[in-house]
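Printed here is coords-v8.cif (mmCIF, C-alpha atoms):
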data_work
loop_
_atom_site.label_atom_id
_atom_site.label_comp_id
_atom_site.auth_asym_id
_atom_site.auth_seq_id
_atom_site.Cartn_x
_atom_site.Cartn_y
_atom_site.Cartn_z
CA MET A 1490 -62.63 31.55 -50.88
CA ALA A 1491 -59.10 31.92 -49.53
CA SER A 1492 -57.81 35.27 -48.42
CA VAL A 1493 -54.75 36.70 -50.18
CA ALA A 1494 -51.71 34.96 -48.70
CA ARG A 1495 -49.25 37.16 -46.85
CA SER A 1496 -45.53 36.56 -47.30
CA LEU A 1497 -42.40 37.85 -45.56
CA THR A 1498 -39.22 38.14 -47.62
CA THR A 1499 -36.96 37.26 -44.65
CA CYS A 1500 -38.98 34.17 -43.57
CA ILE A 1501 -37.31 30.83 -44.29
CA PHE A 1502 -40.67 29.09 -44.69
CA CYS A 1503 -41.99 31.74 -47.10
CA LYS A 1504 -38.80 31.21 -49.12
CA ILE A 1505 -39.39 27.44 -49.18
CA VAL A 1506 -42.98 27.95 -50.40
CA LYS A 1507 -41.69 30.24 -53.20
CA GLY A 1508 -39.03 27.70 -54.20
CA GLU A 1509 -36.18 30.03 -53.23
CA ILE A 1510 -34.86 27.42 -50.78
CA PRO A 1511 -34.95 23.73 -51.78
CA SER A 1512 -36.97 21.23 -49.78
CA PHE A 1513 -38.04 17.60 -49.85
CA LYS A 1514 -41.67 18.37 -50.78
CA LEU A 1515 -44.37 15.86 -49.87
CA VAL A 1516 -47.77 17.48 -50.48
CA GLU A 1517 -48.74 20.89 -51.82
CA THR A 1518 -52.19 22.45 -52.03
CA ASP A 1519 -53.34 25.97 -52.81
CA LEU A 1520 -53.09 26.79 -49.08
CA SER A 1521 -50.37 24.52 -47.66
CA TYR A 1522 -46.94 23.11 -48.35
CA SER A 1523 -45.40 20.09 -46.62
CA PHE A 1524 -41.90 18.69 -46.65
CA LEU A 1525 -39.50 16.48 -44.73
CA ASP A 1526 -37.69 18.14 -41.82
CA ILE A 1527 -33.93 18.40 -42.47
CA GLY A 1528 -33.25 18.09 -38.73
CA PRO A 1529 -35.66 15.24 -37.95
CA LEU A 1530 -36.44 13.86 -34.51
CA SER A 1531 -37.18 10.54 -36.24
CA ARG A 1532 -37.36 9.09 -39.76
CA GLY A 1533 -40.32 10.64 -41.60
CA HIS A 1534 -40.52 13.81 -39.46
CA ALA A 1535 -42.41 16.25 -41.69
CA LEU A 1536 -43.57 19.87 -41.56
CA ILE A 1537 -46.78 21.37 -42.88
CA ILE A 1538 -46.68 25.12 -43.42
CA PRO A 1539 -49.57 27.35 -44.42
CA LYS A 1540 -48.76 29.46 -47.48
CA ASP A 1541 -49.99 32.49 -45.54
CA HIS A 1542 -47.33 34.06 -43.32
CA ALA A 1543 -48.63 34.29 -39.76
CA ALA A 1544 -46.39 34.01 -36.73
CA LYS A 1545 -48.99 32.44 -34.43
CA LEU A 1546 -51.98 30.16 -34.83
CA HIS A 1547 -54.55 32.77 -33.76
CA GLU A 1548 -53.28 35.11 -36.50
CA LEU A 1549 -53.86 32.61 -39.31
CA PRO A 1550 -57.11 32.63 -41.34
CA ASN A 1551 -59.26 29.57 -40.64
CA GLU A 1552 -59.13 28.18 -44.18
CA TYR A 1553 -55.40 27.59 -43.82
CA LEU A 1554 -55.92 25.74 -40.55
CA ALA A 1555 -58.64 23.59 -42.12
CA ASP A 1556 -56.27 22.63 -44.95
CA ALA A 1557 -53.34 21.59 -42.76
CA MET A 1558 -54.78 18.75 -40.67
CA PRO A 1559 -55.92 16.56 -43.59
CA ILE A 1560 -52.35 16.82 -44.92
CA ALA A 1561 -50.99 15.74 -41.52
CA LYS A 1562 -53.35 12.77 -41.62
CA LYS A 1563 -52.21 11.82 -45.14
CA ILE A 1564 -48.56 11.97 -44.09
CA ALA A 1565 -49.23 9.75 -41.06
CA VAL A 1566 -51.25 7.25 -43.14
CA ALA A 1567 -48.68 7.18 -45.96
CA GLN A 1568 -46.00 6.22 -43.43
CA GLY A 1569 -48.23 3.64 -41.74
CA LEU A 1570 -47.66 5.37 -38.43
CA GLU A 1571 -49.23 3.84 -35.37
CA ASN A 1572 -47.67 6.25 -32.89
CA TYR A 1573 -46.86 9.87 -33.68
CA ASN A 1574 -47.17 13.46 -32.47
CA ILE A 1575 -48.69 16.46 -34.20
CA LEU A 1576 -46.91 19.49 -32.74
CA GLN A 1577 -47.55 23.20 -33.16
CA ASN A 1578 -45.87 25.85 -30.97
CA ASN A 1579 -46.66 29.56 -30.56
CA GLY A 1580 -43.98 31.92 -29.25
CA ARG A 1581 -40.37 31.55 -28.16
CA ILE A 1582 -41.07 30.43 -24.60
CA ALA A 1583 -43.40 27.77 -26.10
CA HIS A 1584 -40.43 26.52 -28.19
CA GLN A 1585 -41.38 28.08 -31.55
CA GLU A 1586 -38.14 28.45 -33.54
CA VAL A 1587 -39.50 29.87 -36.83
CA ASP A 1588 -42.00 32.74 -36.69
CA HIS A 1589 -44.32 31.17 -39.26
CA VAL A 1590 -47.13 28.83 -38.19
CA HIS A 1591 -46.14 25.23 -38.86
CA PHE A 1592 -47.20 21.76 -37.82
CA HIS A 1593 -44.82 18.89 -37.20
CA VAL A 1594 -45.75 15.26 -37.89
CA ILE A 1595 -43.26 13.38 -35.74
CA PRO A 1596 -43.22 9.58 -35.92
CA LYS A 1597 -42.65 7.81 -32.59
CA PRO A 1598 -41.29 4.39 -33.67
CA SER A 1599 -40.59 3.12 -30.15
CA ALA A 1600 -41.04 3.95 -26.48
CA SER A 1601 -37.36 4.90 -26.37
CA ASP A 1602 -36.32 8.53 -25.90
CA ASP A 1603 -33.80 8.01 -28.74
CA GLU A 1604 -36.32 8.76 -31.51
CA GLY A 1605 -39.34 11.00 -31.86
CA LEU A 1606 -40.61 13.71 -29.58
CA VAL A 1607 -39.80 13.53 -25.88
CA VAL A 1608 -42.34 15.42 -23.79
CA GLY A 1609 -42.44 16.28 -20.12
CA TRP A 1610 -45.91 16.87 -18.71
CA PRO A 1611 -45.68 18.62 -15.33
CA ALA A 1612 -49.36 18.23 -14.42
CA LYS A 1613 -50.54 19.80 -11.18
CA PRO A 1614 -53.71 19.19 -9.16
CA ALA A 1615 -56.47 21.67 -10.02
CA ASP A 1616 -59.00 23.18 -7.64
CA LYS A 1617 -62.53 22.31 -8.89
CA GLU A 1618 -63.92 25.74 -8.00
CA ASP A 1619 -61.11 27.45 -9.92
CA LEU A 1620 -61.84 25.19 -12.90
CA LYS A 1621 -65.54 26.00 -12.72
CA ALA A 1622 -64.83 29.77 -12.64
CA LEU A 1623 -62.37 29.47 -15.53
CA GLN A 1624 -64.84 27.40 -17.53
CA GLN A 1625 -67.52 30.06 -17.15
CA GLU A 1626 -65.11 32.85 -18.05
CA LEU A 1627 -63.98 31.01 -21.19
CA VAL A 1628 -67.50 29.98 -22.26
CA ASP A 1629 -68.59 33.62 -21.99
CA LYS A 1630 -65.63 34.81 -24.08
CA LEU A 1631 -65.99 31.98 -26.62
CA SER A 1632 -69.66 32.80 -27.17
CA LYS A 1633 -68.61 36.30 -28.34
CA LEU A 1634 -66.07 35.11 -30.92
#
Give the structure from this file in structure tokens form.
Amino acid sequence: MASVARSLTTCIFCKIVKGEIPSFKLVETDLSYSFLDIGPLSRGHALIIPKDHAAKLHELPNEYLADAMPIAKKIAVAQGLENYNILQNNGRIAHQEVDHVHFHVIPKPSASDDEGLVVGWPAKPADKEDLKALQQELVDKLSKL
């Protein structure tokens, strides 16, 4: 059973869910709402927003998270996408622009940087002992959640 959805009167995504701001709706469920992005990175760029207002992923009840990914899959399948990104950011320095959890489905029609998401990945070598210590720390914490 879903928890009671929170809403914020000043949130643009909450306003879209309530129909106060128009959108190009794709799929709506009891827990999620999806629509085409009006500033797309490529044709078919869509957003999936939980109907519960939470700024960050870890603040959102699990049932809303479980509802969102099947919608992302449907959007990708409906477009016949072979290459695409599913993007979700948390916090300003992680490039979150709207303080309401949302998932992007961003088609990547070609290897060109002209369309779709362009990602830099500044990987660095990792010390195996540091990784082992971090793994143990995280496993311990995860076992308590």
Using the chain letters and numbering of this document, enumerate as a VMD selection string the residues selected by the PyMOL selection byres ((chain A and resi 1595-1598) around 8). chain A and resid 1530 to 1535 1565 1570 1572 to 1576 1593 to 1594 1599 to 1600 1604 to 1606
Can you spit out the residues from that selection as a short mmCIF file (atom, residue, chain, number, x, y, z; two decimals), keeping the file's coordinate frame, using C-alpha atoms?
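Written out: out-v9.cif:
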data_model
loop_
_atom_site.label_atom_id
_atom_site.label_comp_id
_atom_site.auth_asym_id
_atom_site.auth_seq_id
_atom_site.Cartn_x
_atom_site.Cartn_y
_atom_site.Cartn_z
CA LEU A 1530 -36.44 13.86 -34.51
CA SER A 1531 -37.18 10.54 -36.24
CA ARG A 1532 -37.36 9.09 -39.76
CA GLY A 1533 -40.32 10.64 -41.60
CA HIS A 1534 -40.52 13.81 -39.46
CA ALA A 1535 -42.41 16.25 -41.69
CA ALA A 1565 -49.23 9.75 -41.06
CA LEU A 1570 -47.66 5.37 -38.43
CA ASN A 1572 -47.67 6.25 -32.89
CA TYR A 1573 -46.86 9.87 -33.68
CA ASN A 1574 -47.17 13.46 -32.47
CA ILE A 1575 -48.69 16.46 -34.20
CA LEU A 1576 -46.91 19.49 -32.74
CA HIS A 1593 -44.82 18.89 -37.20
CA VAL A 1594 -45.75 15.26 -37.89
CA SER A 1599 -40.59 3.12 -30.15
CA ALA A 1600 -41.04 3.95 -26.48
CA GLU A 1604 -36.32 8.76 -31.51
CA GLY A 1605 -39.34 11.00 -31.86
CA LEU A 1606 -40.61 13.71 -29.58
#
Using all atoms listed in the file, which of the listed residues (A:Ala1615, A:Ala1544, A:Ile1538, A:Val1516) sits closest to Leu1497 in chain A?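 Result for the nearest residue to Leu1497 in chain A: A:Ala1544.
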Work out how far CA of Ala1622 in chain A is from CA of Ala1583 in chain A, in Å to one decimal. 25.4 Å
In Å, with one decimal, what is the gap from CA of Met1558 in chain A to CA of Leu1620 in chain A? 29.4 Å
Quote the spacing between CA of Asn1579 in chain A and CA of Ala1543 in chain A in Å to one decimal place.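 Interatomic distance here is 10.5 Å.
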For the structure provided, state which residues fall under the PyMOL selection byres ((chain A and resi 1515) around 12), and present them as a list of chain:residue names. A:Ser1512, A:Phe1513, A:Lys1514, A:Val1516, A:Glu1517, A:Thr1518, A:Ser1521, A:Tyr1522, A:Ser1523, A:Phe1524, A:Leu1525, A:Asp1526, A:Gly1533, A:His1534, A:Ala1535, A:Leu1536, A:Ile1537, A:Ile1538, A:Ile1560, A:Ala1561, A:Lys1563, A:Ile1564, A:Ala1565, A:Ala1567, A:Gln1568
Which residues fall under the PyMOL selection byres ((chain A and resi 1548-1553) around 9) in this file, as number ranges by chain? A: 1490-1492, 1520-1521, 1539-1547, 1554-1557, 1590
Could the residues in this selection be written to a file with C-alpha atoms, as a CSV table (one decimal), in the coordinates of the input?
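File written: result.csv
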chain,number,residue,atom,x,y,z
A,1490,MET,CA,-62.6,31.6,-50.9
A,1491,ALA,CA,-59.1,31.9,-49.5
A,1492,SER,CA,-57.8,35.3,-48.4
A,1520,LEU,CA,-53.1,26.8,-49.1
A,1521,SER,CA,-50.4,24.5,-47.7
A,1539,PRO,CA,-49.6,27.4,-44.4
A,1540,LYS,CA,-48.8,29.5,-47.5
A,1541,ASP,CA,-50.0,32.5,-45.5
A,1542,HIS,CA,-47.3,34.1,-43.3
A,1543,ALA,CA,-48.6,34.3,-39.8
A,1544,ALA,CA,-46.4,34.0,-36.7
A,1545,LYS,CA,-49.0,32.4,-34.4
A,1546,LEU,CA,-52.0,30.2,-34.8
A,1547,HIS,CA,-54.6,32.8,-33.8
A,1554,LEU,CA,-55.9,25.7,-40.6
A,1555,ALA,CA,-58.6,23.6,-42.1
A,1556,ASP,CA,-56.3,22.6,-45.0
A,1557,ALA,CA,-53.3,21.6,-42.8
A,1590,VAL,CA,-47.1,28.8,-38.2
Incomplete range 1592-1603 of chain A brought to all heavy atoms, written out as a CSV table (one decimal), keeping the file's coordinate frame:
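Contents of selection_28.csv, as written:
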chain,number,residue,atom,x,y,z
A,1592,PHE,N,-46.8,23.0,-38.5
A,1592,PHE,CA,-47.2,21.8,-37.8
A,1592,PHE,C,-46.2,20.7,-38.1
A,1592,PHE,O,-45.8,20.5,-39.3
A,1592,PHE,CB,-48.6,21.3,-38.3
A,1592,PHE,CG,-49.7,22.3,-38.1
A,1592,PHE,CD1,-49.9,23.3,-39.1
A,1592,PHE,CD2,-50.4,22.3,-36.9
A,1592,PHE,CE1,-50.9,24.2,-38.9
A,1592,PHE,CE2,-51.4,23.2,-36.8
A,1592,PHE,CZ,-51.7,24.2,-37.7
A,1593,HIS,N,-45.7,20.0,-37.1
A,1593,HIS,CA,-44.8,18.9,-37.2
A,1593,HIS,C,-45.6,17.6,-37.1
A,1593,HIS,O,-46.5,17.4,-36.3
A,1593,HIS,CB,-43.8,18.8,-36.0
A,1593,HIS,CG,-42.9,20.0,-35.9
A,1593,HIS,ND1,-41.6,19.9,-36.4
A,1593,HIS,CD2,-43.1,21.2,-35.4
A,1593,HIS,CE1,-41.0,21.1,-36.2
A,1593,HIS,NE2,-41.9,21.9,-35.6
A,1594,VAL,N,-45.3,16.6,-38.0
A,1594,VAL,CA,-45.8,15.3,-37.9
A,1594,VAL,C,-44.5,14.5,-37.5
A,1594,VAL,O,-43.5,14.4,-38.3
A,1594,VAL,CB,-46.3,14.7,-39.2
A,1594,VAL,CG1,-46.8,13.3,-39.0
A,1594,VAL,CG2,-47.5,15.6,-39.7
A,1595,ILE,N,-44.5,14.0,-36.3
A,1595,ILE,CA,-43.3,13.4,-35.7
A,1595,ILE,C,-43.5,11.9,-35.4
A,1595,ILE,O,-44.2,11.6,-34.4
A,1595,ILE,CB,-42.8,14.1,-34.5
A,1595,ILE,CG1,-42.6,15.6,-34.8
A,1595,ILE,CG2,-41.4,13.5,-34.0
A,1595,ILE,CD1,-42.4,16.5,-33.5
A,1596,PRO,N,-43.0,11.0,-36.2
A,1596,PRO,CA,-43.2,9.6,-35.9
A,1596,PRO,C,-42.6,9.2,-34.6
A,1596,PRO,O,-41.5,9.7,-34.2
A,1596,PRO,CB,-42.5,8.9,-37.1
A,1596,PRO,CG,-42.5,9.9,-38.2
A,1596,PRO,CD,-42.4,11.2,-37.5
A,1597,LYS,N,-43.2,8.3,-33.9
A,1597,LYS,CA,-42.6,7.8,-32.6
A,1597,LYS,C,-42.5,6.3,-32.8
A,1597,LYS,O,-43.4,5.5,-32.4
A,1597,LYS,CB,-43.5,8.2,-31.4
A,1597,LYS,CG,-43.0,7.8,-30.1
A,1597,LYS,CD,-41.7,8.6,-29.7
A,1597,LYS,CE,-41.2,8.4,-28.3
A,1597,LYS,NZ,-39.9,8.9,-28.0
A,1598,PRO,N,-41.4,5.8,-33.3
A,1598,PRO,CA,-41.3,4.4,-33.7
A,1598,PRO,C,-41.1,3.5,-32.5
A,1598,PRO,O,-41.4,2.3,-32.6
A,1598,PRO,CB,-40.1,4.3,-34.6
A,1598,PRO,CG,-39.3,5.6,-34.2
A,1598,PRO,CD,-40.3,6.6,-33.8
A,1599,SER,N,-40.7,4.0,-31.3
A,1599,SER,CA,-40.6,3.1,-30.2
A,1599,SER,C,-40.8,3.9,-28.9
A,1599,SER,O,-40.8,5.2,-28.9
A,1599,SER,CB,-39.2,2.5,-30.1
A,1599,SER,OG,-38.2,3.5,-29.9
A,1600,ALA,N,-40.9,3.3,-27.8
A,1600,ALA,CA,-41.0,4.0,-26.5
A,1600,ALA,C,-39.7,4.6,-26.0
A,1600,ALA,O,-39.7,5.4,-25.0
A,1600,ALA,CB,-41.5,3.0,-25.4
A,1601,SER,N,-38.7,4.3,-26.7
A,1601,SER,CA,-37.4,4.9,-26.4
A,1601,SER,C,-37.3,6.4,-26.5
A,1601,SER,O,-38.0,7.0,-27.4
A,1601,SER,CB,-36.3,4.3,-27.3
A,1601,SER,OG,-35.1,5.0,-27.2
A,1602,ASP,N,-36.5,7.1,-25.8
A,1602,ASP,CA,-36.3,8.5,-25.9
A,1602,ASP,C,-35.3,8.8,-27.0
A,1602,ASP,O,-35.0,10.0,-27.2
A,1602,ASP,CB,-35.9,9.1,-24.6
A,1602,ASP,CG,-37.0,9.3,-23.6
A,1602,ASP,OD1,-38.2,9.1,-24.0
A,1602,ASP,OD2,-36.7,9.5,-22.4
A,1603,ASP,N,-34.8,7.8,-27.7
A,1603,ASP,CA,-33.8,8.0,-28.7
A,1603,ASP,C,-34.4,8.6,-30.0
A,1603,ASP,O,-33.7,9.1,-30.8
A,1603,ASP,CB,-33.1,6.7,-29.1
A,1603,ASP,CG,-32.2,6.2,-27.9
A,1603,ASP,OD1,-31.9,7.1,-27.0
A,1603,ASP,OD2,-31.9,5.0,-27.8
